[in-house]
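Colleague: This is the structure, below, for whatever I ask next.
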Amino acid sequence: MLRPWKLNISICRDSDVPIHTQIAEKIIEEIQYGRFAPGTALPGTREFSNRLNINRKTVVQAYDTLVAQGWLTAEHKRGTFVSNRALTINHHARHNKTSSIKLAGKATTTPDTLTQCHYSAPAKNGWLDLGMESADSRLLPFEAFSRAMRHALVTNVRHNKLHYGNPLGTKILREAVMQMVNIEQGLHADLPHICITRGSQMAIYLAAKLLINPDDHIILETLHNPIARETFQGLGAKTLSVKHHHEGIDLESFEMLCINHQVRAIYVSPQHQMPTGVAMSIENRKGLLKLAEKYDVVIIEDDSHGTFCFGPQNTPPLASMDKTGRVIYIGSLSRLLAPGLRLGYIISTPEFVNHIANQVAQIDRHGNIITELATAELMLSGELKRHSSRAHKIYFERRVHLLNQLSQQLSFHCNATPASHGLALWLNTYQNVDIHTLLRTAEKVKLGFFPPHLYCENRHHPNGLRFSFGHLNQEEISDAVFRLKQAFHTLPVQRLLTA
Ligand SMILES: Cc1ncc(COP(=O)(O)O)c(C=O)c1O
């Protein structure tokens, strides 16, 4: 639709300036300030004059003047538009608008590099983005989902129920999540333990907001989820690094940190260590719980990557073994459905969850009722389970394909860390590969990685790269491996010596 909105322009009837001149000047001013972009359709002269309660000829006169001056163009049978020709737009005035907004000190501590990494790469033409681990939204059961969305919308609109809802989330989705986590993950959650959030990221933020006092210590693994780190630091926490290995976190080093600092919490993702994909062994989990109890440390367990398990058995989450109510369990439907739906959940004690709901109420009151109801319908009808089994099979095949491709094409340059969960693999590059140079050569073949130095605090480069494969089909995976091989091959010779 060319003119979806009513144009709002005011005129002064007491002025000495003729009304057609006022209209013309106002339109020029709004074009200059960017309110009317080139190509914007202006209202027809009849409609405009009716709205301003003036003679139609006055508007015609104003438009004619602007067409003659090149500000507007008149198109036969279509109407009058802001000219596409280069006009004198007052960019200075437009950009200066925000200059009096001073950020609070703490806001400026959050760099925006991550935010940019996140949505720029996939949009670029011909690029393969391996940085962001994501579900393949092409697999979404969109017909069943659209039916459920329609059903939710129709019933809510007909019964006049689309009002403000519960900040904890819709009851039916909380019930569906409760069933899922209790049965599949071995949790013992009840309805008051569950709050729905916009993705697990919101849950991480809210949990941290409620836990952290300025200068509190939070422990992260040496390589970790950079957005969680930025969230904690943005809320005033001091972050500490604990070493980790193929079994999980280094418990001795964890204990030393607890002895030497007043540690408030540790953030971990035991099913799929972010970014290496290593799963914590059951002994490591038990050891962590024991020490957390001894030093009164809260555990923020991020299970957002634990949805798909490709290993022989699914080790139970820390939350299912927690006897002292110190684990805050965070999950997401981003891998099972799609990140764009923004559905996550946080599970903890009813008191803590109530505080979370109070925070939700302050941010956005509650989530999108229609999306929540539709998702619950898919969950309770078994449709989501069917989708999950189908998607699991496809992701399993993609993972096998990727591993085969890596061993056939890239075994000279890197190997993959075994990971039982998740839609990404960590590639260990051999010692003498300079990751920064590799990223630059990868960019030349339109292959995007998440810059690995962001995974740690000291800006050290880990000798590896995270390869997200979930959103790529087998053909795209082969293409990505081929491009990565090209990137390795165009590295300067001295950087390619094998270890
Ligand atoms: C470890 C980890 N946790 C949480 C998130 C946030 O995911 P979402 O908010 O889509 O659930 C991400 C996103 O990639 C992640 O990698």
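Ordering of the structure tokens sets the chain letters (A, B, ...); residue numbers start at 1 within each chain; ligands are numbered from 1 in the order shown.
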Write down as a PyMOL selection string the residues belonging to segment 258-460 of chain A that are assigned alpha helix (DSSP H) by DSSP computed on the backbone.
Modeller: chain A and resi 258-260+282-294+318-321+350-363+369-380+383-409+435-444
Colleague: If you count only C-alpha atoms and all ligand atoms, which residues end up within 7 Å of ligand 1, as a ChimeraX atom specification?
Modeller: /A:132-133,198-202,225,269,274,302,304-305,331-334,339,342-344
Colleague: For the selection just defined, write its residues with N, CA and C atoms to a file, as a PDB file, in the first residue's frame.
Modeller:
```
ATOM      1  N   MET A 132      27.271 -18.327  14.224  1.00  0.00           N
ATOM      2  CA  MET A 132      26.137 -18.445  15.142  1.00  0.00           C
ATOM      3  C   MET A 132      25.531 -19.827  15.078  1.00  0.00           C
ATOM      4  N   GLU A 133      25.524 -20.526  16.182  1.00  0.00           N
ATOM      5  CA  GLU A 133      24.886 -21.833  16.197  1.00  0.00           C
ATOM      6  C   GLU A 133      23.377 -21.633  16.176  1.00  0.00           C
ATOM      7  N   ARG A 198      12.194 -14.391  26.876  1.00  0.00           N
ATOM      8  CA  ARG A 198      12.434 -14.217  25.450  1.00  0.00           C
ATOM      9  C   ARG A 198      13.824 -14.757  25.145  1.00  0.00           C
ATOM     10  N   GLY A 199      13.901 -16.081  24.945  1.00  0.00           N
ATOM     11  CA  GLY A 199      15.188 -16.728  24.706  1.00  0.00           C
ATOM     12  C   GLY A 199      15.923 -16.948  26.016  1.00  0.00           C
ATOM     13  N   SER A 200      16.954 -17.802  25.969  1.00  0.00           N
ATOM     14  CA  SER A 200      17.706 -18.047  27.196  1.00  0.00           C
ATOM     15  C   SER A 200      18.564 -16.837  27.554  1.00  0.00           C
ATOM     16  N   GLN A 201      18.853 -15.986  26.558  1.00  0.00           N
ATOM     17  CA  GLN A 201      19.686 -14.821  26.856  1.00  0.00           C
ATOM     18  C   GLN A 201      19.005 -13.907  27.878  1.00  0.00           C
ATOM     19  N   MET A 202      17.692 -13.753  27.751  1.00  0.00           N
ATOM     20  CA  MET A 202      16.973 -12.914  28.714  1.00  0.00           C
ATOM     21  C   MET A 202      17.043 -13.552  30.103  1.00  0.00           C
ATOM     22  N   ASN A 225      31.007 -18.394  26.901  1.00  0.00           N
ATOM     23  CA  ASN A 225      30.029 -17.654  26.099  1.00  0.00           C
ATOM     24  C   ASN A 225      30.273 -16.150  26.297  1.00  0.00           C
ATOM     25  N   SER A 269      27.826 -24.501  31.000  1.00  0.00           N
ATOM     26  CA  SER A 269      26.877 -25.187  30.097  1.00  0.00           C
ATOM     27  C   SER A 269      27.341 -26.643  29.993  1.00  0.00           C
ATOM     28  N   MET A 274      30.457 -24.161  26.144  1.00  0.00           N
ATOM     29  CA  MET A 274      30.502 -23.115  25.117  1.00  0.00           C
ATOM     30  C   MET A 274      31.877 -22.482  25.165  1.00  0.00           C
ATOM     31  N   ASP A 302      23.416 -23.168  31.951  1.00  0.00           N
ATOM     32  CA  ASP A 302      22.839 -22.805  30.649  1.00  0.00           C
ATOM     33  C   ASP A 302      22.750 -24.073  29.801  1.00  0.00           C
ATOM     34  N   SER A 304      20.999 -24.264  26.985  1.00  0.00           N
ATOM     35  CA  SER A 304      20.346 -23.880  25.729  1.00  0.00           C
ATOM     36  C   SER A 304      20.877 -24.654  24.533  1.00  0.00           C
ATOM     37  N   HIS A 305      22.065 -25.268  24.683  1.00  0.00           N
ATOM     38  CA  HIS A 305      22.607 -26.051  23.562  1.00  0.00           C
ATOM     39  C   HIS A 305      22.420 -27.545  23.773  1.00  0.00           C
ATOM     40  N   GLY A 331      16.943 -22.798  29.871  1.00  0.00           N
ATOM     41  CA  GLY A 331      16.794 -23.559  28.629  1.00  0.00           C
ATOM     42  C   GLY A 331      16.224 -22.686  27.529  1.00  0.00           C
ATOM     43  N   SER A 332      16.162 -23.263  26.332  1.00  0.00           N
ATOM     44  CA  SER A 332      15.740 -22.479  25.175  1.00  0.00           C
ATOM     45  C   SER A 332      15.062 -23.359  24.146  1.00  0.00           C
ATOM     46  N   LEU A 333      14.140 -22.776  23.405  1.00  0.00           N
ATOM     47  CA  LEU A 333      13.557 -23.491  22.264  1.00  0.00           C
ATOM     48  C   LEU A 333      14.190 -23.020  20.952  1.00  0.00           C
ATOM     49  N   SER A 334      15.277 -22.258  21.063  1.00  0.00           N
ATOM     50  CA  SER A 334      15.918 -21.722  19.861  1.00  0.00           C
ATOM     51  C   SER A 334      16.499 -22.817  18.978  1.00  0.00           C
ATOM     52  N   PRO A 339      15.627 -19.534  16.620  1.00  0.00           N
ATOM     53  CA  PRO A 339      15.974 -18.447  17.534  1.00  0.00           C
ATOM     54  C   PRO A 339      15.041 -17.248  17.397  1.00  0.00           C
ATOM     55  N   ARG A 342      12.144 -16.477  19.841  1.00  0.00           N
ATOM     56  CA  ARG A 342      12.494 -15.943  21.160  1.00  0.00           C
ATOM     57  C   ARG A 342      11.710 -16.626  22.279  1.00  0.00           C
ATOM     58  N   LEU A 343      11.952 -17.903  22.451  1.00  0.00           N
ATOM     59  CA  LEU A 343      11.325 -18.622  23.553  1.00  0.00           C
ATOM     60  C   LEU A 343      12.399 -19.324  24.378  1.00  0.00           C
ATOM     61  N   GLY A 344      12.456 -18.961  25.634  1.00  0.00           N
ATOM     62  CA  GLY A 344      13.375 -19.610  26.552  1.00  0.00           C
ATOM     63  C   GLY A 344      12.673 -19.768  27.889  1.00  0.00           C
TER      64      GLY A 344
END
```
Colleague: Can you list, as a list in words, every protein, DNA or RNA residue that comes within 8 Å of segment 177-186 of chain A when you count only C-alpha atoms, leaving out same-chain residues fewer than 3 positions away?
Modeller: Leu173, Arg174, Ala189, Asp190, Leu191, Ile194, Pro316, Pro317 and Ser320 of chain A
Colleague: Leu289 of chain A: which residues within 9 Å, counting only C-alpha atoms, same-chain residues fewer than 5 positions away excluded, as a list in words?
Modeller: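 The residues satisfying every condition are Asn284, Lys294, Ile299, Leu318, Met321, Asp322, Arg326 and Val327 of chain A.
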Colleague: Between atom CA of Val242 of chain A and atom CA of Tyr455 of chain A, measure the distance and give it in Å to one decimal.
Modeller: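 Computing the Euclidean distance for atom CA of Val242 of chain A and atom CA of Tyr455 of chain A yields 13.3 Å.
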Colleague: So, counting only C-alpha atoms, which residue among A:Glu255, A:Glu301, A:Glu293, A:Glu221 is closest to Pro275 of chain A?
Modeller: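 Among A:Glu255, A:Glu301, A:Glu293, A:Glu221, it is A:Glu221 that comes nearest to Pro275 of chain A.
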Colleague: Might you pull out every residue within 12 Å of segment 53-70 of chain A, with only C-alpha atoms counted and same-chain residues fewer than 2 positions away left off, and present them as a ChimeraX atom specification?
Modeller: /A:10-13,18-29,31,38,42-51,72-75,79-88
Colleague: Rounded to one decimal, what separation in Å do you get between atom CA of His224 of chain A and atom CA of His244 of chain A?
Modeller: 10.2 Å
Colleague: Taking only C-alpha atoms into account, which of A:Val298, A:Met379, A:Ile282, A:Ala148 comes nearest Cys258 of chain A?
Modeller: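 That would be A:Val298, the residue with the smallest distance to Cys258 of chain A.
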Colleague: Quick check, in Å to one decimal: how far apart do atom CA of Arg398 of chain A and atom CA of Val445 of chain A lie?
Modeller: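 Between atom CA of Arg398 of chain A and atom CA of Val445 of chain A the gap works out to 21.8 Å.
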Colleague: Write out as a ChimeraX atom specification which residues come within 7 Å of Ile219 of chain A when counting only C-alpha atoms, dropping same-chain ones fewer than 4 positions away.
Modeller: /A:239-242,265-267
Colleague: Hey, can you spit out that residue selection with N, CA and C atoms as a PDB file, in the first residue's frame?
Modeller:
```
ATOM      1  N   THR A 239      34.672 -10.853  36.705  1.00  0.00           N
ATOM      2  CA  THR A 239      34.693 -12.242  36.232  1.00  0.00           C
ATOM      3  C   THR A 239      36.045 -12.884  36.511  1.00  0.00           C
ATOM      4  N   LEU A 240      35.991 -14.159  36.883  1.00  0.00           N
ATOM      5  CA  LEU A 240      37.200 -14.948  37.138  1.00  0.00           C
ATOM      6  C   LEU A 240      37.179 -16.130  36.178  1.00  0.00           C
ATOM      7  N   SER A 241      38.370 -16.617  35.803  1.00  0.00           N
ATOM      8  CA  SER A 241      38.432 -17.739  34.858  1.00  0.00           C
ATOM      9  C   SER A 241      38.824 -19.014  35.550  1.00  0.00           C
ATOM     10  N   VAL A 242      38.091 -20.076  35.261  1.00  0.00           N
ATOM     11  CA  VAL A 242      38.487 -21.389  35.773  1.00  0.00           C
ATOM     12  C   VAL A 242      38.902 -22.252  34.578  1.00  0.00           C
ATOM     13  N   ALA A 265      28.736 -16.734  41.980  1.00  0.00           N
ATOM     14  CA  ALA A 265      28.120 -17.715  41.068  1.00  0.00           C
ATOM     15  C   ALA A 265      29.137 -18.224  40.058  1.00  0.00           C
ATOM     16  N   ILE A 266      28.796 -19.367  39.476  1.00  0.00           N
ATOM     17  CA  ILE A 266      29.569 -19.875  38.336  1.00  0.00           C
ATOM     18  C   ILE A 266      28.581 -20.103  37.201  1.00  0.00           C
ATOM     19  N   TYR A 267      29.001 -19.757  35.981  1.00  0.00           N
ATOM     20  CA  TYR A 267      28.151 -19.957  34.801  1.00  0.00           C
ATOM     21  C   TYR A 267      28.752 -21.102  33.991  1.00  0.00           C
TER      22      TYR A 267
END
```
Colleague: Could you find all residues in segment 33-96 of chain A that DSSP calls strand (DSSP E or B) from the backbone, and write them as a PyMOL selection string?
Modeller: chain A and resi 41-42+72-75+79-82
Colleague: Could you take the residues named above and write them with N, CA and C atoms, as a tab-separated table (two decimals), in the first residue's frame?
Modeller:
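The resulting part_21.tsv:
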```tsv
chain	number	residue	atom	x	y	z
A	41	ALA	N	5.11	8.45	-0.84
A	41	ALA	CA	3.90	8.91	-1.53
A	41	ALA	C	3.19	9.94	-0.65
A	42	LEU	N	2.91	11.10	-1.23
A	42	LEU	CA	2.16	12.12	-0.49
A	42	LEU	C	0.66	11.89	-0.73
A	72	LEU	N	9.35	17.33	-5.56
A	72	LEU	CA	8.35	16.26	-5.74
A	72	LEU	C	8.28	15.88	-7.22
A	73	THR	N	7.78	14.66	-7.46
A	73	THR	CA	7.49	14.28	-8.84
A	73	THR	C	6.02	13.87	-8.91
A	74	ALA	N	5.38	14.21	-10.02
A	74	ALA	CA	3.98	13.81	-10.20
A	74	ALA	C	3.96	12.68	-11.21
A	75	GLU	N	3.37	11.56	-10.84
A	75	GLU	CA	3.33	10.41	-11.76
A	75	GLU	C	1.89	10.18	-12.19
A	79	GLY	N	0.14	9.37	-8.51
A	79	GLY	CA	0.11	10.38	-7.45
A	79	GLY	C	1.37	11.20	-7.40
A	80	THR	N	1.59	11.80	-6.22
A	80	THR	CA	2.75	12.70	-6.05
A	80	THR	C	3.72	12.07	-5.04
A	81	PHE	N	5.00	12.10	-5.41
A	81	PHE	CA	6.01	11.43	-4.58
A	81	PHE	C	7.17	12.36	-4.28
A	82	VAL	N	7.86	12.06	-3.19
A	82	VAL	CA	9.09	12.81	-2.90
A	82	VAL	C	10.10	12.38	-3.96
```
Colleague: Which of these, A:Gln32, A:Gln359, A:Asn8, A:Thr276, has the shortest distance to Ala208 of chain A once you count only C-alpha atoms?
Modeller: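 Among the listed residues, A:Gln359 lies closest to Ala208 of chain A.
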Colleague: Which neighbours of Leu130 of chain A fall inside 10 Å, counting only C-alpha atoms, when residues of the same chain fewer than 2 positions from it are skipped, and could you give them as a list of chain:residue names?
Modeller: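 Within the cut-off, the hits are A:Ala121, A:Pro122, A:Trp127, A:Leu128, A:Met132, A:Glu133, A:Ser134, A:Ala424, A:Leu447, A:Gly448, A:Phe449, A:Phe450, A:Leu465, A:Arg466, A:Phe467, A:Ser468, A:Phe469, A:Gly470, A:His471, A:Leu472, A:Ile477, A:Ala480.
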Colleague: With C-alpha atoms kept, could you save the residues just selected as an mmCIF file, in the first residue's frame?
Modeller:
```cif
data_model
loop_
_atom_site.group_PDB
_atom_site.id
_atom_site.type_symbol
_atom_site.label_atom_id
_atom_site.label_comp_id
_atom_site.auth_asym_id
_atom_site.auth_seq_id
_atom_site.Cartn_x
_atom_site.Cartn_y
_atom_site.Cartn_z
ATOM 1 C CA ALA A 121 27.041 -12.168 8.502
ATOM 2 C CA PRO A 122 24.069 -14.302 7.397
ATOM 3 C CA TRP A 127 28.303 -15.855 2.550
ATOM 4 C CA LEU A 128 28.260 -18.942 4.693
ATOM 5 C CA MET A 132 26.137 -18.445 15.142
ATOM 6 C CA GLU A 133 24.886 -21.833 16.197
ATOM 7 C CA SER A 134 21.297 -22.016 15.093
ATOM 8 C CA ALA A 424 28.408 -26.863 16.431
ATOM 9 C CA LEU A 447 33.170 -17.771 5.098
ATOM 10 C CA GLY A 448 32.271 -16.125 8.408
ATOM 11 C CA PHE A 449 33.432 -17.326 11.833
ATOM 12 C CA PHE A 450 32.850 -15.849 15.226
ATOM 13 C CA LEU A 465 37.342 -22.219 15.561
ATOM 14 C CA ARG A 466 33.712 -22.990 16.234
ATOM 15 C CA PHE A 467 32.000 -24.508 13.192
ATOM 16 C CA SER A 468 28.198 -24.275 13.447
ATOM 17 C CA PHE A 469 26.572 -26.767 11.137
ATOM 18 C CA GLY A 470 22.915 -27.030 12.226
ATOM 19 C CA HIS A 471 21.621 -24.356 9.864
ATOM 20 C CA LEU A 472 23.459 -25.772 6.830
ATOM 21 C CA ILE A 477 28.454 -28.072 4.720
ATOM 22 C CA ALA A 480 31.864 -24.554 3.790
#
```
Colleague: Taking only C-alpha atoms into account, name the residue in A:Thr324, A:Asn415, A:Ser388, A:Thr375 that is nearest to Ala135 of chain A.
Modeller: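 The shortest atom-to-atom distance to Ala135 of chain A comes from A:Ser388.
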